[in-house]
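Q: This is work.tsv, which holds TSV, C-alpha atoms:
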chain	number	residue	atom	x	y	z
A	1	PHE	CA	51.69	98.69	160.49
A	2	ARG	CA	53.36	100.17	163.55
A	3	TYR	CA	52.59	97.39	166.04
A	4	SER	CA	53.10	94.11	164.19
A	5	VAL	CA	53.19	92.07	161.00
A	6	THR	CA	49.57	92.07	159.85
A	7	TYR	CA	49.59	90.17	156.55
A	8	ILE	CA	51.48	87.38	154.78
A	9	LYS	CA	50.95	86.26	151.19
A	10	ILE	CA	53.00	83.24	150.13
A	11	GLU	CA	53.27	82.10	146.53
A	12	TYR	CA	54.24	78.42	146.59
A	13	GLU	CA	55.06	76.08	143.73
A	14	ASN	CA	53.54	72.61	143.96
A	15	ASN	CA	54.01	70.02	141.20
A	16	GLY	CA	54.76	72.77	138.68
A	17	LYS	CA	51.73	74.89	139.59
A	18	ASP	CA	51.54	78.12	141.57
A	19	GLU	CA	49.49	78.08	144.77
A	20	VAL	CA	48.80	81.19	146.85
A	21	ARG	CA	48.03	81.34	150.58
A	22	GLU	CA	47.13	84.51	152.50
A	23	HIS	CA	47.02	85.05	156.26
A	24	GLY	CA	46.12	87.96	158.51
A	25	THR	CA	44.57	91.20	157.20
A	26	ASN	CA	45.78	93.03	154.11
A	27	ARG	CA	46.72	96.38	155.64
A	28	GLY	CA	49.86	98.29	156.53
A	29	GLU	CA	52.97	98.82	154.43
A	30	LEU	CA	53.49	95.98	151.93
A	31	LYS	CA	56.95	94.73	150.92
A	32	GLU	CA	57.88	91.82	148.67
A	33	PHE	CA	60.67	89.25	148.52
A	34	SER	CA	61.14	87.05	145.46
A	35	VAL	CA	63.21	83.86	145.35
A	36	ASN	CA	64.93	82.53	142.23
A	37	TYR	CA	63.29	79.12	142.65
A	38	PRO	CA	64.25	76.31	141.97
A	39	GLU	CA	67.91	77.43	141.82
A	40	ASP	CA	67.54	79.11	145.22
A	41	ASN	CA	65.33	78.27	148.21
A	42	ILE	CA	64.40	79.77	151.56
A	43	VAL	CA	66.26	77.89	154.31
A	44	SER	CA	65.52	80.02	157.38
A	45	VAL	CA	62.81	82.31	158.72
A	46	GLY	CA	63.53	84.76	161.51
A	47	GLY	CA	61.98	87.69	163.28
A	48	THR	CA	60.59	88.89	166.60
A	49	TYR	CA	57.41	88.69	168.66
A	50	ASN	CA	56.28	90.97	171.46
A	51	HIS	CA	53.39	91.66	173.81
A	52	ILE	CA	51.34	94.52	172.36
A	53	PHE	CA	49.69	96.35	175.27
A	54	ASN	CA	47.18	98.17	173.01
A	55	TYR	CA	45.67	94.79	172.13
A	56	ASP	CA	46.71	92.89	175.28
A	57	THR	CA	48.13	90.09	173.15
A	58	THR	CA	51.41	88.83	171.73
A	59	LEU	CA	51.96	89.33	167.99
A	60	ILE	CA	54.71	88.78	165.42
A	61	THR	CA	56.46	92.16	165.18
A	62	SER	CA	58.99	91.42	162.44
A	63	LEU	CA	59.99	88.77	159.90
A	64	TYR	CA	62.88	88.08	157.54
A	65	PHE	CA	63.79	85.22	155.21
A	66	THR	CA	67.21	83.84	154.18
A	67	THR	CA	67.95	81.68	151.13
A	68	SER	CA	70.39	78.85	150.42
A	69	LYS	CA	72.47	81.22	148.27
A	70	GLY	CA	72.86	83.68	151.14
A	71	TYR	CA	70.29	86.29	150.19
A	72	THR	CA	68.24	87.86	152.98
A	73	SER	CA	64.91	89.62	152.55
A	74	PRO	CA	64.27	93.14	153.80
A	75	LEU	CA	63.09	93.23	157.40
A	76	PHE	CA	59.29	93.18	157.40
A	77	GLY	CA	57.97	95.13	160.41
A	78	VAL	CA	60.04	96.45	163.31
A	79	ALA	CA	62.32	94.23	165.41
A	80	LYS	CA	60.77	94.48	168.89
A	81	GLY	CA	60.61	91.85	171.61
A	82	LYS	CA	61.97	88.31	171.63
A	83	GLU	CA	63.98	87.17	168.61
A	84	PHE	CA	63.56	83.79	166.89
A	85	GLU	CA	64.99	81.95	163.91
A	86	LEU	CA	63.48	78.82	162.36
A	87	LYS	CA	65.64	76.47	160.29
A	88	GLY	CA	65.49	72.95	158.99
A	89	GLU	CA	67.77	70.57	160.89
A	90	ASN	CA	70.14	70.15	157.98
A	91	GLY	CA	69.64	73.09	155.64
A	92	GLU	CA	66.37	71.80	154.18
A	93	LYS	CA	64.27	74.24	152.20
A	94	LEU	CA	61.07	75.88	153.39
A	95	ARG	CA	58.02	73.82	152.37
A	96	GLY	CA	55.18	75.58	154.17
A	97	ILE	CA	54.08	78.09	156.80
A	98	TYR	CA	51.71	77.56	159.72
A	99	GLY	CA	50.62	79.66	162.69
A	100	ARG	CA	47.76	81.82	163.93
A	101	GLY	CA	46.32	84.86	162.18
A	102	GLY	CA	43.35	87.18	162.59
A	103	THR	CA	43.60	90.94	162.21
A	104	ALA	CA	47.37	90.39	162.50
A	105	ILE	CA	49.86	87.50	162.61
A	106	ASP	CA	49.71	86.11	166.16
A	107	ALA	CA	52.08	83.15	165.83
A	108	PHE	CA	54.35	81.71	163.19
A	109	GLY	CA	55.94	78.35	162.37
A	110	ALA	CA	57.61	76.74	159.37
A	111	HIS	CA	57.77	73.30	157.78
A	112	PHE	CA	61.13	72.45	156.22
A	113	GLY	CA	61.31	69.59	153.80
A	114	PRO	CA	63.78	67.06	152.40
A	115	LEU	CA	66.72	68.01	150.18
A	116	GLY	CA	66.46	67.51	146.44
A	117	GLY	CA	63.63	67.84	143.95
A	118	ASN	CA	59.94	68.52	144.43
A	119	LYS	CA	58.44	65.82	142.19
A	120	GLY	CA	57.52	62.25	143.06
A	121	ASN	CA	55.45	61.07	146.02
A	122	THR	CA	56.08	61.93	149.65
A	123	PHE	CA	57.25	59.12	151.94
A	124	ASP	CA	58.19	59.03	155.60
A	125	ASP	CA	59.45	55.85	157.24
A	126	GLY	CA	58.93	57.31	160.71
A	127	PHE	CA	61.11	56.39	163.70
A	128	PHE	CA	62.82	53.07	164.49
A	129	ASP	CA	65.47	51.96	166.99
A	130	GLY	CA	68.26	51.99	164.42
A	131	VAL	CA	69.45	50.87	160.98
A	132	LYS	CA	71.05	47.45	160.28
A	133	LYS	CA	71.53	47.47	156.52
A	134	LEU	CA	71.05	49.61	153.41
A	135	THR	CA	70.78	48.51	149.79
A	136	ILE	CA	71.03	51.34	147.27
A	137	GLY	CA	70.47	51.22	143.51
A	138	ALA	CA	71.93	53.80	141.11
A	139	ASP	CA	71.88	54.27	137.34
A	140	GLU	CA	73.97	56.69	135.27
A	141	TYR	CA	71.79	59.66	136.29
A	142	SER	CA	70.71	59.23	139.89
A	143	ILE	CA	69.85	57.11	142.90
A	144	VAL	CA	66.85	55.06	141.81
A	145	TYR	CA	66.26	52.67	144.72
A	146	MET	CA	66.67	52.47	148.51
A	147	LYS	CA	66.01	49.50	150.75
A	148	ILE	CA	66.46	50.19	154.46
A	149	GLU	CA	66.46	47.40	157.04
A	150	TYR	CA	65.53	48.98	160.35
A	151	GLN	CA	65.52	47.43	163.81
A	152	LYS	CA	62.38	47.92	165.93
A	153	ASP	CA	61.76	46.17	169.26
A	154	GLY	CA	64.17	43.38	168.33
A	155	LYS	CA	62.64	42.78	164.89
A	156	VAL	CA	63.78	43.77	161.40
A	157	VAL	CA	61.41	46.08	159.51
A	158	VAL	CA	62.06	46.72	155.81
A	159	ARG	CA	61.14	49.84	153.81
A	160	GLU	CA	61.72	50.28	150.06
A	161	HIS	CA	61.60	53.45	147.94
A	162	GLY	CA	62.04	54.27	144.27
A	163	THR	CA	62.30	51.57	141.60
A	164	PHE	CA	64.24	48.31	141.99
A	165	ASP	CA	66.82	49.02	139.30
A	166	GLY	CA	70.38	50.14	138.62
A	167	ILE	CA	73.65	48.91	140.09
A	168	LEU	CA	72.96	47.66	143.62
A	169	LYS	CA	75.41	48.08	146.50
A	170	GLU	CA	74.98	47.25	150.18
A	171	PHE	CA	76.18	48.72	153.47
A	172	SER	CA	75.76	46.78	156.72
A	173	VAL	CA	75.98	48.33	160.18
A	174	ASN	CA	77.07	46.43	163.30
A	175	TYR	CA	73.93	47.53	165.15
A	176	PRO	CA	73.46	48.10	168.11
A	177	GLU	CA	77.21	48.57	168.81
A	178	ASP	CA	77.45	50.98	165.85
A	179	ASN	CA	74.91	53.38	164.35
A	180	ILE	CA	74.57	55.66	161.35
A	181	VAL	CA	75.10	59.27	162.43
A	182	ALA	CA	75.36	61.07	159.07
A	183	VAL	CA	73.75	60.82	155.63
A	184	GLY	CA	75.46	62.69	152.80
A	185	GLY	CA	75.42	62.91	149.06
A	186	SER	CA	74.48	65.21	146.22
A	187	TYR	CA	71.49	66.27	144.15
A	188	ASN	CA	71.34	67.77	140.68
A	189	HIS	CA	68.95	68.89	137.97
A	190	ILE	CA	68.69	66.09	135.41
A	191	PHE	CA	67.91	67.73	132.08
A	192	LYS	CA	66.82	64.45	130.46
A	193	TYR	CA	63.94	64.23	132.96
A	194	ASP	CA	63.61	67.99	133.64
A	195	THR	CA	63.68	67.40	137.37
A	196	THR	CA	66.04	67.42	140.33
A	197	LEU	CA	67.07	64.01	141.71
A	198	ILE	CA	69.41	62.60	144.34
A	199	THR	CA	72.59	61.72	142.41
A	200	SER	CA	74.69	60.16	145.18
A	201	LEU	CA	74.49	58.97	148.78
A	202	TYR	CA	76.85	57.84	151.53
A	203	PHE	CA	76.41	56.92	155.19
A	204	THR	CA	78.80	57.39	158.14
A	205	THR	CA	78.64	55.55	161.47
A	206	SER	CA	79.43	56.52	165.05
A	207	LYS	CA	82.55	54.32	164.93
A	208	GLY	CA	83.89	56.19	161.91
A	209	PHE	CA	82.98	53.75	159.13
A	210	THR	CA	81.74	55.23	155.86
A	211	SER	CA	79.76	53.35	153.22
A	212	PRO	CA	80.85	53.17	149.59
A	213	LEU	CA	79.60	56.11	147.54
A	214	PHE	CA	76.30	55.09	145.97
A	215	GLY	CA	75.78	56.77	142.59
A	216	VAL	CA	77.93	59.53	141.10
A	217	LYS	CA	78.66	62.78	142.92
A	218	LYS	CA	77.10	65.51	140.75
A	219	GLY	CA	75.50	68.82	141.66
A	220	LYS	CA	75.04	70.30	145.11
A	221	ASP	CA	76.59	68.47	148.08
A	222	PHE	CA	74.74	67.92	151.36
A	223	GLU	CA	75.29	66.18	154.67
A	224	LEU	CA	72.56	65.47	157.21
A	225	LYS	CA	73.51	64.99	160.87
A	226	GLY	CA	71.68	64.82	164.15
A	227	GLU	CA	72.45	67.06	167.09
A	228	ASN	CA	75.15	65.76	169.45
A	229	GLY	CA	75.89	62.74	167.27
A	230	GLY	CA	72.37	61.34	167.44
A	231	LYS	CA	71.78	58.11	165.51
A	232	LEU	CA	69.67	57.75	162.37
A	233	LEU	CA	66.14	56.58	163.23
A	234	GLY	CA	64.33	56.95	159.90
A	235	ILE	CA	64.38	58.28	156.34
A	236	TYR	CA	61.83	60.49	154.60
A	237	GLY	CA	61.66	62.18	151.21
A	238	ARG	CA	60.09	61.97	147.77
A	239	ASP	CA	60.25	59.13	145.27
A	240	GLY	CA	58.82	57.72	142.06
A	241	THR	CA	60.92	56.04	139.39
A	242	ALA	CA	63.93	57.46	141.26
A	243	ILE	CA	64.75	59.15	144.58
A	244	ASP	CA	63.76	62.80	144.19
A	245	ALA	CA	64.53	64.08	147.69
A	246	ILE	CA	65.81	62.79	151.01
A	247	GLY	CA	65.66	63.80	154.65
A	248	ALA	CA	66.59	62.04	157.87
A	249	HIS	CA	65.17	61.65	161.38
A	250	PHE	CA	67.92	61.54	163.99
A	251	GLU	CA	67.75	60.84	167.70
A	252	THR	CA	68.00	64.10	169.64
A	253	GLY	CA	69.60	64.93	172.94
A	254	SER	CA	71.93	61.95	172.91
A	255	GLY	CA	74.99	63.89	173.91
What does the file become when written as structure tokens?
A:
Amino acid sequence: FRYSVTYIKIEYENNGKDEVREHGTNRGELKEFSVNYPEDNIVSVGGTYNHIFNYDTTLITSLYFTTSKGYTSPLFGVAKGKEFELKGENGEKLRGIYGRGGTAIDAFGAHFGPLGGNKGNTFDDGFFDGVKKLTIGADEYSIVYMKIEYQKDGKVVVREHGTFDGILKEFSVNYPEDNIVAVGGSYNHIFKYDTTLITSLYFTTSKGFTSPLFGVKKGKDFELKGENGGKLLGIYGRDGTAIDAIGAHFETGSG
């Protein structure tokens, strides 16, 4: 359609099942973009929006999508107006779309999720003042357990994820003089369980200390960092009998 993006159809996968969502009005020239999921994932969404005088409103005029393997979709629509690009903080994959739609797509946003697999249950520890200690359990395949001792208003708050199992190792932080500023590791498809799991983790502090490597480094590497060296405030992800996926909340604007 000559003024704007009028229609979006997204085919998601959720717990092994396909789910379809449609927004806007099915009209105009249709183009498709397929992703080789789960080997590849969308990691950024870009485009433009502009004031359309015919309708006296602002609409999304173009969209494009980029994947973790470097593929970019065709440009949907015509690039007119103000440009934007939406990304997860640390290369996380696209989990969902939100916005406003009627006869066209008025506004657009994106949810990016934790790194790793898509099975297990969602957890989100939220935001604390900092992290004092981590206890991580790993077996021969993956990270199976995380215990995080946070500090909040002078008190220790404990959160546990996964299953208390495997070889346990600890990492203590000299909080508040030192803080975790990066979370790294790897994730891999585990054929025995037919799922992707976190296979290793490490943590780095603002004073340059790095934890031991928890687990065995296998698969795709990742490192999560806050902007301007912001400290780690909380962990989120997916878990069950093991740690399926991990993401991190960092303090922002601390530079």
Q: Extract, using only C-alpha atoms, all DNA, RNA and protein residues at most 7 Å from segment 150-162 of chain A, discarding same-chain residues fewer than 2 positions from it, and format them as a PyMOL selection string.
A: chain A and resi 128-132+144-148+164+239-243
Q: If I take atom CA of Phe84 of chain A and atom CA of Gly117 of chain A, how far is one from the other in Å, to one decimal?
A: 27.9 Å
Q: For each of A:Asn41, A:Asn174, A:Thr103, A:Asn179, take the minimum atom-to-atom distance to Thr25 of chain A, counting only C-alpha atoms, then give the residue where this is smallest.
A: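 The shortest atom-to-atom distance to Thr25 of chain A comes from A:Thr103.
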Q: Would you list the contacts of segment 52-69 of chain A as a JSON list (two decimals) with C-alpha atoms, in the coordinates of the input, taking every protein, DNA or RNA residue within 7 Å and counting all atoms listed in the file, but skipping same-chain residues closer than 5 positions in sequence?
A:
[["chain", "number", "residue", "atom", "x", "y", "z"],
["A", 3, "TYR", "CA", 52.59, 97.39, 166.04],
["A", 4, "SER", "CA", 53.10, 94.11, 164.19],
["A", 5, "VAL", "CA", 53.19, 92.07, 161.00],
["A", 40, "ASP", "CA", 67.54, 79.11, 145.22],
["A", 41, "ASN", "CA", 65.33, 78.27, 148.21],
["A", 42, "ILE", "CA", 64.40, 79.77, 151.56],
["A", 43, "VAL", "CA", 66.26, 77.89, 154.31],
["A", 44, "SER", "CA", 65.52, 80.02, 157.38],
["A", 45, "VAL", "CA", 62.81, 82.31, 158.72],
["A", 46, "GLY", "CA", 63.53, 84.76, 161.51],
["A", 47, "GLY", "CA", 61.98, 87.69, 163.28],
["A", 74, "PRO", "CA", 64.27, 93.14, 153.80],
["A", 75, "LEU", "CA", 63.09, 93.23, 157.40],
["A", 76, "PHE", "CA", 59.29, 93.18, 157.40],
["A", 77, "GLY", "CA", 57.97, 95.13, 160.41],
["A", 78, "VAL", "CA", 60.04, 96.45, 163.31],
["A", 79, "ALA", "CA", 62.32, 94.23, 165.41],
["A", 80, "LYS", "CA", 60.77, 94.48, 168.89],
["A", 105, "ILE", "CA", 49.86, 87.50, 162.61],
["A", 106, "ASP", "CA", 49.71, 86.11, 166.16],
["A", 107, "ALA", "CA", 52.08, 83.15, 165.83]]
Q: With 7 Å as the cut-off and all atoms listed in the file counted, what is the closest atom pair between each nearby residue of segment 100-150 of chain A and segment 192-210 of chain A? Distances in Å to one decimal, ordered by chain and number, as CSV.
A:
residue,atom,partner,partner_atom,distance
A:Gly116,CA,A:Leu197,CA,5.9
A:Gly117,CA,A:Thr196,CA,4.4
A:Tyr141,CA,A:Thr199,CA,6.5
A:Ser142,CA,A:Thr199,CA,4.0
A:Ile143,CA,A:Thr199,CA,5.4
Q: Taking only C-alpha atoms into account, which of A:Glu83, A:Glu92, A:Glu32, A:Glu39 comes nearest Glu223 of chain A?
A: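 Closest to Glu223 of chain A, using only C-alpha atoms: A:Glu92.
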Q: What does the distance between atom CA of Leu115 of chain A and atom CA of Ile246 of chain A come to in Å, to one decimal place?
A: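 Answer for the atom CA of Leu115 of chain A to atom CA of Ile246 of chain A separation: 5.4 Å.
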Q: Here is a test: counting all atoms listed in the file, which residue of A:Thr163, A:Ser211, A:Asn228, A:Ser34 is nearest to Thr72 of chain A?
A: A:Ser34
Q: Using all atoms listed in the file for the distances, tell me which of A:Ser172, A:Phe127, A:Arg27, A:Leu86 is nearest to His111 of chain A.
A: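 Checking each candidate against His111 of chain A, we get A:Leu86 as the closest.
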Q: Output, as JSON, the centre and edge lengths in Å (one decimal) of the axis-aligned box that contains all listed atoms of segment 11-22 of chain A with 4 Å of margin on each side.
A:
{"center_x": 51.1, "center_y": 77.3, "center_z": 145.6, "size_x": 15.9, "size_y": 22.5, "size_z": 21.8}
Q: What's the separation between atom CA of Pro114 of chain A and atom CA of Arg95 of chain A, in Å to one decimal place?
A: 8.9 Å
Q: From the set A:Lys218, A:Lys169, A:Lys31, A:His249, which residue has the shortest atom-to-atom contact distance to Asp125 of chain A, counting all atoms listed in the file?
A: A:His249
Q: Pick from A:Tyr175, A:Phe112, A:Tyr37, A:Tyr187: nearest to Lys93 of chain A, with all atoms listed in the file counted?
A: A:Phe112
Q: Name all residues at most 7 Å from Arg238 of chain A (count all atoms listed in the file; drop same-chain ones fewer than 5 positions away) and give them as a short mmCIF file (atom, residue, chain, number, x, y, z; two decimals) with C-alpha atoms, in the coordinates of the input.
A:
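Generated output (around_35.cif):
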data_model
loop_
_atom_site.label_atom_id
_atom_site.label_comp_id
_atom_site.auth_asym_id
_atom_site.auth_seq_id
_atom_site.Cartn_x
_atom_site.Cartn_y
_atom_site.Cartn_z
CA LYS A 119 58.44 65.82 142.19
CA GLY A 120 57.52 62.25 143.06
CA ASN A 121 55.45 61.07 146.02
CA THR A 122 56.08 61.93 149.65
CA PHE A 123 57.25 59.12 151.94
CA ILE A 243 64.75 59.15 144.58
CA ASP A 244 63.76 62.80 144.19
CA ALA A 245 64.53 64.08 147.69
CA ILE A 246 65.81 62.79 151.01
#
